[in-house]
file model_10.cif (mmCIF, N, CA and C atoms, pLDDT in the B column; chains and numbers go by the auth columns)
data_run
#
loop_
_atom_site.group_PDB
_atom_site.id
_atom_site.type_symbol
_atom_site.label_atom_id
_atom_site.label_comp_id
_atom_site.label_asym_id
_atom_site.label_seq_id
_atom_site.Cartn_x
_atom_site.Cartn_y
_atom_site.Cartn_z
_atom_site.B_iso_or_equiv
_atom_site.auth_seq_id
_atom_site.auth_asym_id
ATOM 1 N N MET A 1 117.761 97.614 88.620 58.00 1 U
ATOM 2 C CA MET A 1 116.332 97.656 88.909 58.00 1 U
ATOM 3 C C MET A 1 115.901 99.109 88.861 58.00 1 U
ATOM 4 N N ALA A 2 114.734 99.349 88.394 57.00 2 U
ATOM 5 C CA ALA A 2 114.221 100.705 88.235 57.00 2 U
ATOM 6 C C ALA A 2 114.040 101.402 89.581 57.00 2 U
ATOM 7 N N ASP A 3 114.289 102.699 89.603 62.00 3 U
ATOM 8 C CA ASP A 3 114.162 103.483 90.834 62.00 3 U
ATOM 9 C C ASP A 3 112.741 103.490 91.384 62.00 3 U
ATOM 10 N N ASP A 4 111.738 103.382 90.522 80.00 4 U
ATOM 11 C CA ASP A 4 110.355 103.482 90.985 80.00 4 U
ATOM 12 C C ASP A 4 109.923 102.317 91.865 80.00 4 U
ATOM 13 N N VAL A 5 110.687 101.230 91.908 86.00 5 U
ATOM 14 C CA VAL A 5 110.340 100.112 92.786 86.00 5 U
ATOM 15 C C VAL A 5 111.021 100.224 94.136 86.00 5 U
ATOM 16 N N GLY A 6 111.841 101.247 94.319 92.00 6 U
ATOM 17 C CA GLY A 6 112.488 101.477 95.603 92.00 6 U
ATOM 18 C C GLY A 6 113.525 100.437 95.964 92.00 6 U
ATOM 19 N N TYR A 7 114.244 99.908 94.992 94.00 7 U
ATOM 20 C CA TYR A 7 115.270 98.888 95.235 94.00 7 U
ATOM 21 C C TYR A 7 116.371 99.454 96.106 94.00 7 U
ATOM 22 N N VAL A 8 116.687 98.757 97.198 95.00 8 U
ATOM 23 C CA VAL A 8 117.792 99.142 98.072 95.00 8 U
ATOM 24 C C VAL A 8 118.720 97.948 98.227 95.00 8 U
ATOM 25 N N VAL A 9 120.030 98.215 98.250 94.00 9 U
ATOM 26 C CA VAL A 9 121.018 97.137 98.302 94.00 9 U
ATOM 27 C C VAL A 9 120.978 96.392 99.632 94.00 9 U
ATOM 28 N N ASP A 10 120.842 97.100 100.744 95.00 10 U
ATOM 29 C CA ASP A 10 120.774 96.452 102.058 95.00 10 U
ATOM 30 C C ASP A 10 119.345 96.497 102.572 95.00 10 U
ATOM 31 N N GLY A 11 118.607 95.433 102.326 95.00 11 U
ATOM 32 C CA GLY A 11 117.214 95.378 102.742 95.00 11 U
ATOM 33 C C GLY A 11 117.063 95.172 104.239 95.00 11 U
ATOM 34 N N PRO A 12 115.906 95.564 104.796 95.00 12 U
ATOM 35 C CA PRO A 12 115.668 95.365 106.220 95.00 12 U
ATOM 36 C C PRO A 12 115.590 93.887 106.586 95.00 12 U
ATOM 37 N N LYS A 13 115.942 93.561 107.805 95.00 13 U
ATOM 38 C CA LYS A 13 115.913 92.174 108.280 95.00 13 U
ATOM 39 C C LYS A 13 114.544 91.543 108.023 95.00 13 U
ATOM 40 N N ASP A 14 114.541 90.337 107.542 94.00 14 U
ATOM 41 C CA ASP A 14 113.335 89.549 107.230 94.00 14 U
ATOM 42 C C ASP A 14 112.509 90.137 106.089 94.00 14 U
ATOM 43 N N LYS A 15 113.075 91.093 105.343 97.00 15 U
ATOM 44 C CA LYS A 15 112.369 91.655 104.196 97.00 15 U
ATOM 45 C C LYS A 15 113.341 91.833 103.024 97.00 15 U
ATOM 46 N N THR A 16 114.229 90.849 102.873 98.00 16 U
ATOM 47 C CA THR A 16 115.205 90.903 101.783 98.00 16 U
ATOM 48 C C THR A 16 114.683 90.136 100.569 98.00 16 U
ATOM 49 N N CYS A 17 115.360 90.298 99.468 97.00 17 U
ATOM 50 C CA CYS A 17 114.980 89.559 98.257 97.00 17 U
ATOM 51 C C CYS A 17 114.973 88.053 98.514 97.00 17 U
ATOM 52 N N ALA A 18 115.937 87.568 99.301 97.00 18 U
ATOM 53 C CA ALA A 18 115.999 86.137 99.604 97.00 18 U
ATOM 54 C C ALA A 18 114.750 85.657 100.339 97.00 18 U
ATOM 55 N N ASP A 19 114.048 86.548 101.039 97.00 19 U
ATOM 56 C CA ASP A 19 112.819 86.213 101.771 97.00 19 U
ATOM 57 C C ASP A 19 111.569 86.376 100.905 97.00 19 U
ATOM 58 N N CYS A 20 111.729 86.895 99.689 97.00 20 U
ATOM 59 C CA CYS A 20 110.600 87.232 98.821 97.00 20 U
ATOM 60 C C CYS A 20 110.240 86.085 97.893 97.00 20 U
ATOM 61 N N LYS A 21 108.952 85.866 97.689 97.00 21 U
ATOM 62 C CA LYS A 21 108.506 84.768 96.831 97.00 21 U
ATOM 63 C C LYS A 21 108.835 84.999 95.362 97.00 21 U
ATOM 64 N N ASN A 22 109.157 86.215 94.975 96.00 22 U
ATOM 65 C CA ASN A 22 109.466 86.509 93.581 96.00 22 U
ATOM 66 C C ASN A 22 110.950 86.364 93.241 96.00 22 U
ATOM 67 N N PHE A 23 111.789 86.141 94.231 97.00 23 U
ATOM 68 C CA PHE A 23 113.231 86.014 94.025 97.00 23 U
ATOM 69 C C PHE A 23 113.579 84.633 93.500 97.00 23 U
ATOM 70 N N GLU A 24 114.376 84.599 92.444 97.00 24 U
ATOM 71 C CA GLU A 24 114.866 83.346 91.877 97.00 24 U
ATOM 72 C C GLU A 24 116.379 83.331 92.033 97.00 24 U
ATOM 73 N N PRO A 25 116.907 82.581 93.026 97.00 25 U
ATOM 74 C CA PRO A 25 118.353 82.592 93.248 97.00 25 U
ATOM 75 C C PRO A 25 119.114 81.939 92.102 97.00 25 U
ATOM 76 N N SER A 26 120.321 82.406 91.900 97.00 26 U
ATOM 77 C CA SER A 26 121.221 81.824 90.911 97.00 26 U
ATOM 78 C C SER A 26 121.690 80.467 91.418 97.00 26 U
ATOM 79 N N THR A 27 121.759 79.479 90.550 96.00 27 U
ATOM 80 C CA THR A 27 122.254 78.164 90.977 96.00 27 U
ATOM 81 C C THR A 27 123.753 78.213 91.237 96.00 27 U
ATOM 82 N N ALA A 28 124.468 79.107 90.571 97.00 28 U
ATOM 83 C CA ALA A 28 125.911 79.230 90.734 97.00 28 U
ATOM 84 C C ALA A 28 126.288 80.036 91.980 97.00 28 U
ATOM 85 N N ASN A 29 125.450 80.999 92.357 97.00 29 U
ATOM 86 C CA ASN A 29 125.750 81.874 93.490 97.00 29 U
ATOM 87 C C ASN A 29 124.436 82.330 94.128 97.00 29 U
ATOM 88 N N PRO A 30 124.013 81.738 95.250 92.00 30 U
ATOM 89 C CA PRO A 30 122.745 82.086 95.873 92.00 30 U
ATOM 90 C C PRO A 30 122.699 83.498 96.465 92.00 30 U
ATOM 91 N N GLU A 31 123.825 84.220 96.466 97.00 31 U
ATOM 92 C CA GLU A 31 123.849 85.601 96.965 97.00 31 U
ATOM 93 C C GLU A 31 123.285 86.589 95.941 97.00 31 U
ATOM 94 N N VAL A 32 123.064 86.119 94.717 97.00 32 U
ATOM 95 C CA VAL A 32 122.473 86.938 93.663 97.00 32 U
ATOM 96 C C VAL A 32 121.367 86.129 92.990 97.00 32 U
ATOM 97 N N GLY A 33 120.561 86.815 92.199 98.00 33 U
ATOM 98 C CA GLY A 33 119.495 86.119 91.506 98.00 33 U
ATOM 99 C C GLY A 33 118.745 87.060 90.603 98.00 33 U
ATOM 100 N N ALA A 34 117.493 86.732 90.336 97.00 34 U
ATOM 101 C CA ALA A 34 116.685 87.530 89.436 97.00 34 U
ATOM 102 C C ALA A 34 115.302 87.762 90.026 97.00 34 U
ATOM 103 N N CYS A 35 114.722 88.899 89.640 95.00 35 U
ATOM 104 C CA CYS A 35 113.349 89.225 90.013 95.00 35 U
ATOM 105 C C CYS A 35 112.766 90.094 88.912 95.00 35 U
ATOM 106 N N ALA A 36 111.671 89.676 88.346 91.00 36 U
ATOM 107 C CA ALA A 36 110.974 90.434 87.302 91.00 36 U
ATOM 108 C C ALA A 36 111.914 90.829 86.162 91.00 36 U
ATOM 109 N N GLY A 37 112.842 89.952 85.834 92.00 37 U
ATOM 110 C CA GLY A 37 113.742 90.219 84.727 92.00 37 U
ATOM 111 C C GLY A 37 114.950 91.064 85.068 92.00 37 U
ATOM 112 N N PHE A 38 115.121 91.413 86.340 94.00 38 U
ATOM 113 C CA PHE A 38 116.257 92.218 86.781 94.00 38 U
ATOM 114 C C PHE A 38 117.200 91.374 87.620 94.00 38 U
ATOM 115 N N ASP A 39 118.495 91.647 87.514 96.00 39 U
ATOM 116 C CA ASP A 39 119.478 91.030 88.389 96.00 39 U
ATOM 117 C C ASP A 39 119.418 91.734 89.736 96.00 39 U
ATOM 118 N N VAL A 40 119.330 90.952 90.823 97.00 40 U
ATOM 119 C CA VAL A 40 119.241 91.525 92.165 97.00 40 U
ATOM 120 C C VAL A 40 120.163 90.772 93.115 97.00 40 U
ATOM 121 N N GLN A 41 120.441 91.394 94.251 97.00 41 U
ATOM 122 C CA GLN A 41 121.208 90.751 95.308 97.00 41 U
ATOM 123 C C GLN A 41 120.233 90.143 96.307 97.00 41 U
ATOM 124 N N ALA A 42 120.585 88.998 96.861 98.00 42 U
ATOM 125 C CA ALA A 42 119.725 88.325 97.840 98.00 42 U
ATOM 126 C C ALA A 42 119.509 89.190 99.080 98.00 42 U
ATOM 127 N N SER A 43 120.473 90.045 99.416 98.00 43 U
ATOM 128 C CA SER A 43 120.381 90.882 100.613 98.00 43 U
ATOM 129 C C SER A 43 119.639 92.193 100.379 98.00 43 U
ATOM 130 N N ALA A 44 119.181 92.433 99.151 97.00 44 U
ATOM 131 C CA ALA A 44 118.483 93.670 98.812 97.00 44 U
ATOM 132 C C ALA A 44 116.990 93.554 99.109 97.00 44 U
ATOM 133 N N SER A 45 116.247 94.606 98.818 97.00 45 U
ATOM 134 C CA SER A 45 114.801 94.594 99.002 97.00 45 U
ATOM 135 C C SER A 45 114.181 95.671 98.113 97.00 45 U
ATOM 136 N N CYS A 46 112.841 95.657 98.004 96.00 46 U
ATOM 137 C CA CYS A 46 112.142 96.691 97.238 96.00 46 U
ATOM 138 C C CYS A 46 110.717 96.843 97.752 96.00 46 U
ATOM 139 N N ASN A 47 110.003 97.809 97.194 95.00 47 U
ATOM 140 C CA ASN A 47 108.627 98.104 97.624 95.00 47 U
ATOM 141 C C ASN A 47 107.630 96.998 97.284 95.00 47 U
ATOM 142 N N TYR A 48 107.995 96.098 96.401 94.00 48 U
ATOM 143 C CA TYR A 48 107.081 95.027 95.985 94.00 48 U
ATOM 144 C C TYR A 48 107.355 93.710 96.699 94.00 48 U
ATOM 145 N N PHE A 49 108.001 93.781 97.839 96.00 49 U
ATOM 146 C CA PHE A 49 108.318 92.592 98.626 96.00 49 U
ATOM 147 C C PHE A 49 107.050 91.820 98.961 96.00 49 U
ATOM 148 N N GLU A 50 107.097 90.501 98.750 96.00 50 U
ATOM 149 C CA GLU A 50 106.011 89.593 99.142 96.00 50 U
ATOM 150 C C GLU A 50 106.650 88.393 99.820 96.00 50 U
ATOM 151 N N ARG A 51 106.347 88.203 101.091 96.00 51 U
ATOM 152 C CA ARG A 51 106.965 87.115 101.873 96.00 51 U
ATOM 153 C C ARG A 51 106.640 85.761 101.270 96.00 51 U
ATOM 154 N N LYS A 52 107.656 84.872 101.279 94.00 52 U
ATOM 155 C CA LYS A 52 107.452 83.485 100.843 94.00 52 U
ATOM 156 C C LYS A 52 106.444 82.830 101.770 94.00 52 U
ATOM 157 N N GLU A 53 105.643 81.953 101.208 89.00 53 U
ATOM 158 C CA GLU A 53 104.689 81.222 102.038 89.00 53 U
ATOM 159 C C GLU A 53 105.425 80.161 102.830 89.00 53 U
ATOM 160 N N GLU A 54 105.011 79.971 104.066 78.00 54 U
ATOM 161 C CA GLU A 54 105.629 78.963 104.933 78.00 54 U
ATOM 162 C C GLU A 54 105.252 77.584 104.422 78.00 54 U
ATOM 163 N N THR A 55 106.225 76.674 104.450 68.00 55 U
ATOM 164 C CA THR A 55 105.940 75.310 103.991 68.00 55 U
ATOM 165 C C THR A 55 105.903 74.343 105.145 68.00 55 U
#

call {"tool": "encode", "arguments": {"input": "model_10.cif", "output": "structure tokens"}}
result
Amino acid sequence: MADDVGYVVDGPKDKTCADCKNFEPSTANPEVGACAGFDVQASASCNYFERKEET
């Protein structure tokens, strides 16, 4: 992921990629996935974090 988005491997609690509406988890391994065409870790985070809507 590009440096300008502020991607960090260990995201803050409740603000990880797994909590973000833009994260698409891998069906084979939910600990990794994709966001905006980049491979990311579910435990990571970035400056463009957007919380998933509550269902």

call {"tool": "residues_near_point", "arguments": {"input": "model_10.cif", "point": "(120.6, 87.2, 96.9)", "cutoff": "9 Å", "atoms": "only C-alpha atoms", "output": "ChimeraX atom specification"}}
result
/U:16-18,23-26,29-34,40-44

call {"tool": "select_by_dssp", "arguments": {"input": "model_10.cif", "residues": "chain U", "states": "helix (DSSP H, G or I)", "output": "JSON, numbers by chain"}}
result
{"U": [3, 4, 5, 17, 18, 19]}

call {"tool": "select_by_dssp", "arguments": {"input": "model_10.cif", "residues": "region 8-49 of chain U", "states": "strand (DSSP E)", "output": "compact mmCIF listing (two decimals) with N, CA and C atoms, in the coordinates of the input"}}
result
# COMPACT_ATOMS: atom_id res chain seq x y z
N GLU U 24 114.38 84.60 92.44
CA GLU U 24 114.87 83.35 91.88
C GLU U 24 116.38 83.33 92.03
N PRO U 25 116.91 82.58 93.03
CA PRO U 25 118.35 82.59 93.25
C PRO U 25 119.11 81.94 92.10
N VAL U 32 123.06 86.12 94.72
CA VAL U 32 122.47 86.94 93.66
C VAL U 32 121.37 86.13 92.99
N GLY U 33 120.56 86.82 92.20
CA GLY U 33 119.50 86.12 91.51
C GLY U 33 118.74 87.06 90.60
N ALA U 34 117.49 86.73 90.34
CA ALA U 34 116.68 87.53 89.44
C ALA U 34 115.30 87.76 90.03
N CYS U 35 114.72 88.90 89.64
CA CYS U 35 113.35 89.22 90.01
C CYS U 35 112.77 90.09 88.91
N PHE U 38 115.12 91.41 86.34
CA PHE U 38 116.26 92.22 86.78
C PHE U 38 117.20 91.37 87.62
N ASP U 39 118.50 91.65 87.51
CA ASP U 39 119.48 91.03 88.39
C ASP U 39 119.42 91.73 89.74
N VAL U 40 119.33 90.95 90.82
CA VAL U 40 119.24 91.52 92.16
C VAL U 40 120.16 90.77 93.12
N GLN U 41 120.44 91.39 94.25
CA GLN U 41 121.21 90.75 95.31
C GLN U 41 120.23 90.14 96.31

call {"tool": "closest_residue", "arguments": {"input": "model_10.cif", "among": "U:Cys35, U:Ala28, U:Asp10, U:Val5", "to": "Tyr48 (chain U)", "atoms": "only C-alpha atoms"}}
result
U:Val5

call {"tool": "resolve_selection", "arguments": {"input": "model_10.cif", "expression": "the PyMOL selection byres ((chain U and resi 52) around 7)", "output": "PDB file with N, CA and C atoms, in the coordinates of the input"}}
result
ATOM      1  N   ASP U  19     114.048  86.548 101.039  1.00 97.00           N
ATOM      2  CA  ASP U  19     112.819  86.213 101.771  1.00 97.00           C
ATOM      3  C   ASP U  19     111.569  86.376 100.905  1.00 97.00           C
ATOM      4  N   CYS U  20     111.729  86.895  99.689  1.00 97.00           N
ATOM      5  CA  CYS U  20     110.600  87.232  98.821  1.00 97.00           C
ATOM      6  C   CYS U  20     110.240  86.085  97.893  1.00 97.00           C
ATOM      7  N   LYS U  21     108.952  85.866  97.689  1.00 97.00           N
ATOM      8  CA  LYS U  21     108.506  84.768  96.831  1.00 97.00           C
ATOM      9  C   LYS U  21     108.835  84.999  95.362  1.00 97.00           C
ATOM     10  N   ASN U  22     109.157  86.215  94.975  1.00 96.00           N
ATOM     11  CA  ASN U  22     109.466  86.509  93.581  1.00 96.00           C
ATOM     12  C   ASN U  22     110.950  86.364  93.241  1.00 96.00           C
ATOM     13  N   GLU U  50     107.097  90.501  98.750  1.00 96.00           N
ATOM     14  CA  GLU U  50     106.011  89.593  99.142  1.00 96.00           C
ATOM     15  C   GLU U  50     106.650  88.393  99.820  1.00 96.00           C
ATOM     16  N   ARG U  51     106.347  88.203 101.091  1.00 96.00           N
ATOM     17  CA  ARG U  51     106.965  87.115 101.873  1.00 96.00           C
ATOM     18  C   ARG U  51     106.640  85.761 101.270  1.00 96.00           C
ATOM     19  N   GLU U  53     105.643  81.953 101.208  1.00 89.00           N
ATOM     20  CA  GLU U  53     104.689  81.222 102.038  1.00 89.00           C
ATOM     21  C   GLU U  53     105.425  80.161 102.830  1.00 89.00           C
ATOM     22  N   GLU U  54     105.011  79.971 104.066  1.00 78.00           N
ATOM     23  CA  GLU U  54     105.629  78.963 104.933  1.00 78.00           C
ATOM     24  C   GLU U  54     105.252  77.584 104.422  1.00 78.00           C
ATOM     25  N   THR U  55     106.225  76.674 104.450  1.00 68.00           N
ATOM     26  CA  THR U  55     105.940  75.310 103.991  1.00 68.00           C
ATOM     27  C   THR U  55     105.903  74.343 105.145  1.00 68.00           C
TER      28      THR U  55
END

call {"tool": "atom_distance", "arguments": {"input": "model_10.cif", "atom1": "atom C of Asp4 (chain U)", "atom2": "atom C of Thr27 (chain U)"}}
result
27.8 Å

call {"tool": "atom_distance", "arguments": {"input": "model_10.cif", "atom1": "atom C of Pro12 (chain U)", "atom2": "CA of Asp39 (chain U)"}}
result
18.8 Å

call {"tool": "resolve_selection", "arguments": {"input": "model_10.cif", "expression": "the PyMOL selection byres ((chain U and resi 6) around 7)", "output": "PyMOL selection string"}}
result
chain U and resi 2-5+7-8+45-48

call {"tool": "atom_distance", "arguments": {"input": "model_10.cif", "atom1": "CA of Gly37 (chain U)", "atom2": "CA of Lys15 (chain U)"}}
result
19.6 Å

call {"tool": "axis_aligned_box", "arguments": {"input": "model_10.cif", "around": "region 45-48 of chain U", "padding_each_side": "3 Å", "output": "JSON"}}
result
{"center_x": 111.7, "center_y": 95.9, "center_z": 97.5, "size_x": 15.2, "size_y": 10.4, "size_z": 9.0}

call {"tool": "decode", "arguments": {"input": "model_10.cif", "residues": "chain U", "atoms": "C-alpha atoms", "output": "CSV table (one decimal), in the first residue's frame"}}
result
chain,number,residue,atom,x,y,z
U,1,MET,CA,0.0,0.0,0.0
U,2,ALA,CA,1.3,3.5,-0.8
U,3,ASP,CA,2.9,5.5,2.0
U,4,ASP,CA,0.7,8.5,1.4
U,5,VAL,CA,-2.3,6.6,2.8
U,6,GLY,CA,-0.6,6.0,6.1
U,7,TYR,CA,-0.9,2.2,6.1
U,8,VAL,CA,0.3,0.7,9.4
U,9,VAL,CA,0.5,-3.0,10.1
U,10,ASP,CA,-0.9,-2.9,13.6
U,11,GLY,CA,-4.0,-0.7,13.5
U,12,PRO,CA,-5.5,0.9,16.5
U,13,LYS,CA,-8.3,-1.0,18.3
U,14,ASP,CA,-11.7,-0.7,16.5
U,15,LYS,CA,-10.0,1.0,13.6
U,16,THR,CA,-8.5,-1.9,11.7
U,17,CYS,CA,-9.0,-2.9,8.1
U,18,ALA,CA,-11.3,-5.7,9.3
U,19,ASP,CA,-13.5,-2.9,10.8
U,20,CYS,CA,-13.5,-0.9,7.6
U,21,LYS,CA,-16.3,-0.9,5.0
U,22,ASN,CA,-13.7,-1.0,2.2
U,23,PHE,CA,-12.0,-4.2,3.3
U,24,GLU,CA,-12.7,-7.3,1.3
U,25,PRO,CA,-11.5,-10.4,3.3
U,26,SER,CA,-10.0,-13.3,1.5
U,27,THR,CA,-12.2,-16.4,1.4
U,28,ALA,CA,-9.2,-18.6,2.0
U,29,ASN,CA,-7.8,-16.6,4.9
U,30,PRO,CA,-9.8,-13.8,6.7
U,31,GLU,CA,-6.6,-12.4,8.3
U,32,VAL,CA,-5.7,-10.9,4.9
U,33,GLY,CA,-7.7,-9.3,2.1
U,34,ALA,CA,-7.8,-6.4,-0.3
U,35,CYS,CA,-8.6,-2.7,-0.3
U,36,ALA,CA,-8.5,-0.4,-3.3
U,37,GLY,CA,-6.6,-3.0,-5.3
U,38,PHE,CA,-3.9,-3.5,-2.6
U,39,ASP,CA,-3.3,-6.6,-0.5
U,40,VAL,CA,-3.7,-5.7,3.2
U,41,GLN,CA,-3.8,-7.4,6.6
U,42,ALA,CA,-7.1,-7.4,8.5
U,43,SER,CA,-5.2,-6.1,11.6
U,44,ALA,CA,-3.8,-3.1,9.7
U,45,SER,CA,-5.3,0.4,9.3
U,46,CYS,CA,-4.8,3.6,7.2
U,47,ASN,CA,-5.9,7.2,7.0
U,48,TYR,CA,-8.9,6.4,4.8
U,49,PHE,CA,-10.6,4.2,7.4
U,50,GLU,CA,-14.4,4.2,7.2
U,51,ARG,CA,-16.3,2.2,9.8
U,52,LYS,CA,-18.7,-0.5,8.6
U,53,GLU,CA,-22.3,0.4,9.0
U,54,GLU,CA,-24.1,-1.4,11.8
U,55,THR,CA,-26.6,-4.0,10.6
